[in-house]
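Just run_34.tsv here, TSV, C-alpha atoms:
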chain	number	residue	atom	x	y	z
A	1	MET	CA	-18.87	48.15	-0.24
A	2	LYS	CA	-18.53	45.47	2.41
A	3	GLN	CA	-21.26	43.39	0.75
A	4	SER	CA	-19.48	43.68	-2.59
A	5	PHE	CA	-16.25	42.54	-0.97
A	6	ASN	CA	-18.03	39.54	0.60
A	7	ARG	CA	-19.45	38.57	-2.78
A	8	ARG	CA	-15.99	38.70	-4.33
A	9	GLN	CA	-14.71	36.50	-1.53
A	10	ARG	CA	-17.47	33.96	-2.15
A	11	ALA	CA	-16.75	34.00	-5.88
A	12	SER	CA	-13.03	33.41	-5.23
A	13	ALA	CA	-13.81	30.59	-2.80
A	14	ALA	CA	-16.12	28.88	-5.30
A	15	PHE	CA	-13.53	29.19	-8.08
A	16	SER	CA	-10.74	27.83	-5.85
A	17	LEU	CA	-12.83	24.83	-4.76
A	18	SER	CA	-13.85	24.04	-8.35
A	19	PHE	CA	-10.27	24.27	-9.59
A	20	LEU	CA	-9.06	22.07	-6.73
A	21	SER	CA	-11.78	19.54	-7.51
A	22	LEU	CA	-10.73	19.51	-11.18
A	23	VAL	CA	-7.07	18.89	-10.31
A	24	PHE	CA	-7.97	16.10	-7.86
A	25	SER	CA	-10.29	14.37	-10.35
A	26	ILE	CA	-7.75	14.43	-13.22
A	27	THR	CA	-5.00	13.11	-10.93
A	28	ALA	CA	-7.18	10.30	-9.59
A	29	PHE	CA	-8.56	9.37	-13.02
A	30	SER	CA	-5.08	9.01	-14.55
A	31	SER	CA	-3.51	7.08	-11.64
A	32	SER	CA	-3.64	3.38	-10.77
A	33	TYR	CA	-3.78	3.53	-6.96
A	34	TRP	CA	-7.52	3.37	-6.39
A	35	CYS	CA	-7.06	0.04	-4.59
A	36	GLU	CA	-3.94	-1.53	-3.08
A	37	GLY	CA	-3.28	-4.88	-1.49
A	38	THR	CA	-1.33	-8.13	-1.52
A	39	ARG	CA	-1.60	-11.53	-3.16
A	40	LYS	CA	-0.21	-14.80	-1.88
A	41	VAL	CA	1.98	-16.39	-4.55
A	42	ALA	CA	4.30	-19.39	-4.42
A	43	LYS	CA	7.95	-18.50	-3.92
A	44	PRO	CA	10.08	-19.03	-7.02
A	45	PHE	CA	13.38	-20.93	-6.91
A	46	CYS	CA	16.43	-18.78	-6.33
A	47	THR	CA	18.45	-18.21	-9.50
A	48	GLY	CA	21.95	-16.84	-9.82
A	49	GLN	CA	22.86	-14.63	-6.90
A	50	SER	CA	19.29	-14.35	-5.66
A	51	LYS	CA	19.06	-14.80	-1.92
A	52	GLY	CA	16.69	-13.95	0.83
A	53	ASP	CA	13.27	-14.94	2.03
A	54	HIS	CA	11.47	-14.34	-1.25
A	55	CYS	CA	12.77	-17.43	-3.08
A	56	ILE	CA	13.49	-21.09	-2.42
A	57	ARG	CA	17.18	-21.98	-2.37
A	58	PHE	CA	17.75	-25.13	-4.41
A	59	ASN	CA	21.00	-26.91	-5.39
A	60	SER	CA	22.98	-24.24	-3.59
A	61	PRO	CA	26.00	-24.51	-1.33
A	62	ASP	CA	23.55	-24.33	1.56
A	63	ALA	CA	21.79	-27.53	0.49
A	64	ASN	CA	23.41	-29.49	3.33
A	65	ASN	CA	22.09	-27.03	5.84
A	66	SER	CA	19.28	-28.63	7.84
A	67	ASN	CA	17.29	-25.40	7.81
A	68	ALA	CA	17.52	-25.18	4.01
A	69	VAL	CA	16.35	-28.78	3.56
A	70	GLN	CA	13.50	-28.27	5.98
A	71	TYR	CA	12.52	-25.06	4.24
A	72	ILE	CA	12.36	-26.68	0.80
A	73	TRP	CA	10.06	-29.50	1.80
A	74	GLU	CA	7.96	-27.66	4.34
A	75	THR	CA	4.41	-26.86	3.28
A	76	GLY	CA	2.12	-24.08	4.41
A	77	ASP	CA	2.52	-20.34	4.43
A	78	ASP	CA	6.33	-20.57	4.34
A	79	LYS	CA	6.08	-21.56	0.68
A	80	PHE	CA	4.26	-18.36	-0.19
A	81	VAL	CA	5.19	-14.70	-0.30
A	82	ASP	CA	3.01	-11.60	-0.27
A	83	GLN	CA	3.06	-9.87	-3.65
A	84	LYS	CA	1.96	-6.23	-3.59
A	85	PHE	CA	-0.36	-4.86	-6.24
A	86	HIS	CA	-2.26	-1.67	-7.02
A	87	ALA	CA	-5.16	-1.11	-9.40
A	88	GLY	CA	-6.96	1.82	-10.95
A	89	ILE	CA	-9.52	2.50	-13.64
A	90	TRP	CA	-7.09	1.76	-16.46
A	91	TYR	CA	-4.39	-0.63	-15.17
A	92	SER	CA	-3.62	-3.16	-12.47
A	93	CYS	CA	0.08	-3.53	-11.64
A	94	GLU	CA	1.88	-6.04	-9.42
A	95	GLU	CA	5.48	-6.25	-8.31
A	96	ILE	CA	7.86	-8.86	-9.73
A	97	ILE	CA	9.32	-11.08	-7.02
A	98	ASN	CA	13.14	-10.82	-6.69
A	99	GLU	CA	13.30	-8.31	-9.53
A	100	GLU	CA	12.84	-4.61	-9.95
A	101	GLY	CA	9.83	-3.15	-11.71
A	102	GLU	CA	6.18	-4.09	-12.09
A	103	LYS	CA	4.01	-6.13	-14.40
A	104	CYS	CA	0.85	-4.31	-15.48
A	105	ARG	CA	-2.35	-5.54	-17.08
A	106	ILE	CA	-5.34	-3.65	-18.44
A	107	PHE	CA	-7.94	-3.63	-15.70
A	108	ILE	CA	-10.91	-4.18	-17.99
A	109	SER	CA	-9.37	-7.48	-19.13
A	110	LEU	CA	-9.53	-8.68	-15.50
A	111	THR	CA	-13.15	-7.80	-14.83
A	112	PRO	CA	-15.89	-10.39	-15.38
A	113	ALA	CA	-17.57	-10.12	-18.76
A	114	SER	CA	-20.92	-9.29	-17.16
A	115	ASP	CA	-19.42	-6.23	-15.43
A	116	ARG	CA	-17.41	-4.72	-18.27
A	117	GLY	CA	-20.37	-2.64	-19.44
A	118	VAL	CA	-20.63	-1.08	-15.96
A	119	LEU	CA	-16.89	-0.32	-16.01
A	120	TRP	CA	-17.18	1.41	-19.40
A	121	LEU	CA	-20.15	3.38	-18.10
A	122	SER	CA	-18.06	4.39	-15.09
A	123	ILE	CA	-15.25	5.60	-17.36
A	124	VAL	CA	-17.65	7.64	-19.52
A	125	THR	CA	-19.24	9.15	-16.41
A	126	GLU	CA	-15.83	10.08	-15.01
A	127	LEU	CA	-14.98	11.84	-18.29
A	128	LEU	CA	-18.28	13.76	-18.20
A	129	TYR	CA	-17.55	14.67	-14.59
A	130	ILE	CA	-14.19	16.16	-15.56
A	131	ILE	CA	-15.67	17.99	-18.57
A	132	LEU	CA	-18.42	19.56	-16.45
A	133	LEU	CA	-15.92	20.55	-13.78
A	134	LEU	CA	-13.79	22.24	-16.44
A	135	THR	CA	-16.88	24.04	-17.79
A	136	GLY	CA	-17.75	25.27	-14.30
A	137	VAL	CA	-14.21	26.56	-13.72
A	138	ILE	CA	-14.27	28.42	-17.04
A	139	LEU	CA	-17.65	30.01	-16.28
A	140	MET	CA	-16.53	31.12	-12.82
A	141	SER	CA	-13.34	32.64	-14.22
A	142	VAL	CA	-15.36	34.49	-16.88
A	143	GLU	CA	-17.69	35.82	-14.19
A	144	MET	CA	-14.78	37.01	-12.07
A	145	CYS	CA	-12.63	38.56	-14.79
A	146	TYR	CA	-14.57	39.38	-17.95
A	147	CYS	CA	-18.20	39.93	-16.99
A	148	SER	CA	-19.30	43.44	-18.07
A	149	THR	CA	-22.69	43.80	-16.34
A	150	VAL	CA	-24.17	42.68	-13.04
A	151	ILE	CA	-27.18	40.99	-14.65
A	152	ASP	CA	-24.92	38.98	-16.98
A	153	GLY	CA	-22.81	38.02	-13.97
A	154	LEU	CA	-25.88	36.66	-12.19
A	155	LYS	CA	-26.86	34.62	-15.26
A	156	ILE	CA	-23.37	33.11	-15.53
A	157	ASN	CA	-23.36	32.47	-11.77
A	158	ALA	CA	-26.65	30.55	-11.98
A	159	PHE	CA	-25.47	28.46	-14.94
A	160	SER	CA	-22.14	27.62	-13.28
A	161	ALA	CA	-24.02	26.52	-10.13
A	162	ILE	CA	-26.20	24.13	-12.18
A	163	VAL	CA	-23.18	22.73	-14.03
A	164	THR	CA	-21.22	22.20	-10.81
A	165	VAL	CA	-24.11	20.41	-9.07
A	166	LEU	CA	-24.59	18.14	-12.08
A	167	ALA	CA	-20.86	17.40	-12.14
A	168	GLY	CA	-20.93	16.42	-8.47
A	169	LEU	CA	-23.82	13.99	-9.00
A	170	LEU	CA	-22.06	12.36	-11.98
A	171	GLY	CA	-18.83	12.07	-9.99
A	172	MET	CA	-20.60	10.34	-7.11
A	173	VAL	CA	-22.26	7.84	-9.45
A	174	ALA	CA	-18.98	7.14	-11.30
A	175	HIS	CA	-17.05	6.46	-8.07
A	176	MET	CA	-19.74	4.13	-6.77
A	177	MET	CA	-19.89	2.19	-10.04
A	178	TYR	CA	-16.13	1.64	-10.04
A	179	THR	CA	-16.26	0.49	-6.41
A	180	THR	CA	-18.90	-2.09	-7.32
A	181	VAL	CA	-16.95	-3.32	-10.35
A	182	PHE	CA	-13.73	-3.72	-8.35
A	183	GLN	CA	-15.47	-5.72	-5.62
A	184	MET	CA	-17.00	-8.01	-8.24
A	185	THR	CA	-13.57	-8.44	-9.85
A	186	VAL	CA	-12.08	-9.40	-6.47
A	187	ASN	CA	-14.68	-12.15	-6.09
A	188	LEU	CA	-15.00	-13.36	-9.68
A	189	GLY	CA	-11.77	-12.25	-11.36
A	190	PRO	CA	-8.93	-14.48	-12.62
A	191	GLU	CA	-7.36	-16.83	-10.09
A	192	ASP	CA	-3.89	-15.46	-10.77
A	193	TRP	CA	-5.02	-11.95	-9.84
A	194	ARG	CA	-7.45	-12.23	-6.93
A	195	PRO	CA	-5.98	-10.40	-3.93
A	196	HIS	CA	-5.58	-11.92	-0.49
A	197	THR	CA	-5.98	-8.58	1.28
A	198	TRP	CA	-6.82	-5.17	-0.18
A	199	ASP	CA	-7.92	-1.68	0.75
A	200	TYR	CA	-8.66	1.62	-0.96
A	201	GLY	CA	-5.63	3.68	-2.00
A	202	TRP	CA	-4.79	7.37	-2.16
A	203	SER	CA	-6.32	7.80	-5.62
A	204	TYR	CA	-9.69	6.61	-4.33
A	205	CYS	CA	-9.49	9.08	-1.44
A	206	LEU	CA	-8.47	11.81	-3.87
A	207	ALA	CA	-11.48	11.05	-6.08
A	208	TRP	CA	-13.89	11.45	-3.17
A	209	ALA	CA	-12.05	14.59	-2.03
A	210	SER	CA	-12.67	15.95	-5.54
A	211	PHE	CA	-16.38	15.19	-5.13
A	212	ALA	CA	-16.44	16.96	-1.74
A	213	CYS	CA	-14.73	20.06	-3.18
A	214	CYS	CA	-17.13	20.05	-6.12
A	215	MET	CA	-20.22	20.01	-3.90
A	216	ALA	CA	-18.71	22.68	-1.64
A	217	ALA	CA	-18.12	24.86	-4.71
A	218	ALA	CA	-21.71	24.28	-5.83
A	219	VAL	CA	-23.10	25.26	-2.43
A	220	THR	CA	-20.90	28.38	-2.35
A	221	THR	CA	-22.01	29.40	-5.86
A	222	ILE	CA	-25.71	28.90	-5.08
A	223	ASN	CA	-25.27	30.82	-1.83
A	224	LYS	CA	-23.64	33.70	-3.68
A	225	TYR	CA	-26.43	33.81	-6.27
A	226	THR	CA	-29.20	33.63	-3.64
A	227	LYS	CA	-27.66	36.31	-1.44
A	228	THR	CA	-27.21	38.67	-4.38
A	229	ILE	CA	-30.86	38.25	-5.40
A	230	LEU	CA	-32.10	38.78	-1.83
A	231	GLU	CA	-29.94	41.86	-1.40
A	232	PHE	CA	-31.20	43.19	-4.71
A	233	LYS	CA	-34.85	42.72	-3.64
A	234	HIS	CA	-34.19	44.29	-0.25
A	235	LYS	CA	-32.59	47.37	-1.81
A	236	ARG	CA	-35.45	47.59	-4.29
A	237	LYS	CA	-38.04	47.68	-1.49
A	238	THR	CA	-35.96	50.17	0.49
A	239	LEU	CA	-35.71	52.41	-2.56
A	240	GLY	CA	-39.46	52.28	-3.08
A	241	ARG	CA	-40.20	53.25	0.51
A	242	SER	CA	-37.61	56.06	0.41
A	243	LEU	CA	-39.09	57.54	-2.75
A	244	LYS	CA	-42.64	57.33	-1.41
A	245	ILE	CA	-41.75	59.08	1.88
A	246	LYS	CA	-39.33	61.69	0.54
A	247	TYR	CA	-41.17	62.80	-2.59
A	248	LYS	CA	-44.78	61.97	-1.54
A	249	PHE	CA	-45.90	60.21	-4.69
A	250	PRO	CA	-49.67	60.59	-5.21
A	251	ASP	CA	-49.76	57.26	-7.01
A	252	CYS	CA	-48.80	54.26	-4.89
A	253	THR	CA	-47.32	52.56	-7.93
A	254	SER	CA	-44.96	55.44	-8.72
A	255	PRO	CA	-42.14	54.18	-6.46
A	256	GLU	CA	-42.51	50.79	-8.13
A	257	LYS	CA	-42.09	52.43	-11.53
A	258	ALA	CA	-39.02	54.25	-10.30
A	259	CYS	CA	-37.60	50.96	-9.08
A	260	ASN	CA	-38.22	49.42	-12.48
A	261	VAL	CA	-36.18	52.21	-14.06
A	262	TYR	CA	-33.50	51.42	-11.48
A	263	VAL	CA	-33.60	47.71	-12.29
A	264	ASN	CA	-33.48	48.24	-16.06
A	265	SER	CA	-30.48	50.49	-15.71
A	266	PHE	CA	-28.37	47.52	-14.56
A	267	HIS	CA	-28.58	45.80	-17.93
A	268	ASN	CA	-26.11	48.39	-19.22
A	269	SER	CA	-24.22	49.08	-15.99
A	270	THR	CA	-21.44	47.40	-14.04
A	271	GLU	CA	-22.70	48.88	-10.76
A	272	ASP	CA	-23.47	46.51	-7.90
A	273	PRO	CA	-27.25	46.06	-7.53
A	274	ALA	CA	-26.93	45.90	-3.76
A	275	HIS	CA	-24.90	49.10	-3.52
A	276	PRO	CA	-26.67	52.10	-1.84
A	277	VAL	CA	-28.50	54.06	-4.53
A	278	LYS	CA	-27.46	57.63	-5.24
A	279	GLY	CA	-29.22	60.37	-7.12
A	280	LEU	CA	-32.76	59.57	-6.00
A	281	GLY	CA	-33.92	63.03	-7.13
A	282	HIS	CA	-33.08	62.28	-10.73
A	283	LEU	CA	-34.73	58.86	-10.48
A	284	ALA	CA	-37.88	60.38	-8.95
A	285	THR	CA	-38.04	62.95	-11.72
A	286	ILE	CA	-37.92	60.18	-14.32
A	287	SER	CA	-40.73	58.34	-12.57
A	288	VAL	CA	-42.99	61.42	-12.28
A	289	LEU	CA	-42.48	62.26	-15.93

Please lay out the structure from this file as structure tokens.
Amino acid sequence: MKQSFNRRQRASAAFSLSFLSLVFSITAFSSSYWCEGTRKVAKPFCTGQSKGDHCIRFNSPDANNSNAVQYIWETGDDKFVDQKFHAGIWYSCEEIINEEGEKCRIFISLTPASDRGVLWLSIVTELLYIILLLTGVILMSVEMCYCSTVIDGLKINAFSAIVTVLAGLLGMVAHMMYTTVFQMTVNLGPEDWRPHTWDYGWSYCLAWASFACCMAAAVTTINKYTKTILEFKHKRKTLGRSLKIKYKFPDCTSPEKACNVYVNSFHNSTEDPAHPVKGLGHLATISVL
């Protein structure tokens, strides 16, 4: 009973990790905060009531002020302002100086022509990653809620483990390809977009957290499958020894035959294969006959 409870716990843990990985991957894929940074742009002239350090005051009542005159003609970093931007798989957006809102451009239009194929491949791989994660979540939920026999549950468990591992590998490759494309865009992209400073954003961290959850779910699923098989084999050997000692089979293969009857019975039973076997007398009678 305790072993059965532990298996249910492992199944719930694997399902939770897979579902969390799916949510993280969809959120990261649809957002535009994979990378964030700043660009140095020339300050525009102040217009209307615009004031502050983000524009150059020109033909204003402060024109006679010595500081204002010095500021207009001074060269260097004082003529520039840091413009924040953030970029993702789909869009790159930058703030509008002295105005509210952002100006967005399609990210693929900013990448060098030689790297656009890699970006498209990264997008396709990300989509496959999400599809496989969704498939794994569905299989795990079917195993937990609708599986009728233990043998069928083991088959679904093995298939979901393979799908989850494959999803994790695709996710890792997709994230690395996008990282490479972004770095190439920083070096070879348009002059009016190249950032002065940049770093990875929360979407990028979320994407790798999704990968970590996916691999953890895969390990948990494989562990559950392996432990169930080992427990099944252990109980099978224990059953054979018990039958041989208790009923003194003349044929050394008789306990093995009884175990085969026991194994075949699980194809049409929902009983746990690792659960202590009851009714050995009936099973021994079947074997002798």

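Interatomic distance, atom CA of A:Ala28 against atom CA of A:Ser203: 4.8 Å.
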
Item to check | Point-to-point distance from atom CA of A:Ser21 to atom CA of A:Met144, Å rounded to tenths | outcome: 18.3 Å

Item to check | Polymer residues at most 10 Å from A:Ser18, all atoms listed in the file, same-chain spacing of 2 or more positions, as a PyMOL selection string | outcome: chain A and resi 12-16+20-24+133-138+140+164+210-211+213-218

Checklist entry - If you measure from atom CA of A:Leu17 to atom CA of A:Ala207, what distance in Å do you get, rounded to one decimal? => result 13.9 Å

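The nearest approach to A:Gly201 among the residues A:Thr228, A:Ser32, A:Asn187, A:Thr180, with only C-alpha atoms taken into account, belongs to A:Ser32.
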
Checklist entry - Pick from A:Thr179, A:Ser92, A:Ser141, A:Ser160: nearest to A:Val118, with all atoms listed in the file counted? => result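 Checking each candidate against A:Val118, we get A:Thr179 as the closest.
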
Next on the checklist: Between A:Ala87, A:Ile151, A:Ala11, A:Ile130, which residue has the minimum interatomic distance to A:Cys35, considering all atoms listed in the file?
Outcome noted: A:Ala87

Checklist outcome for this item: Min atom-atom distance to A:Asp115 from the set A:Gly37, A:Gly101, A:Pro195, A:Gly189, counting all atoms listed in the file, belongs to A:Gly189

Checklist entry - Pick from A:Ile222, A:Val163, A:Leu230, A:Ile89: nearest to A:Arg116, with only C-alpha atoms counted? => result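 Closest residue, counting only C-alpha atoms: A:Ile89.
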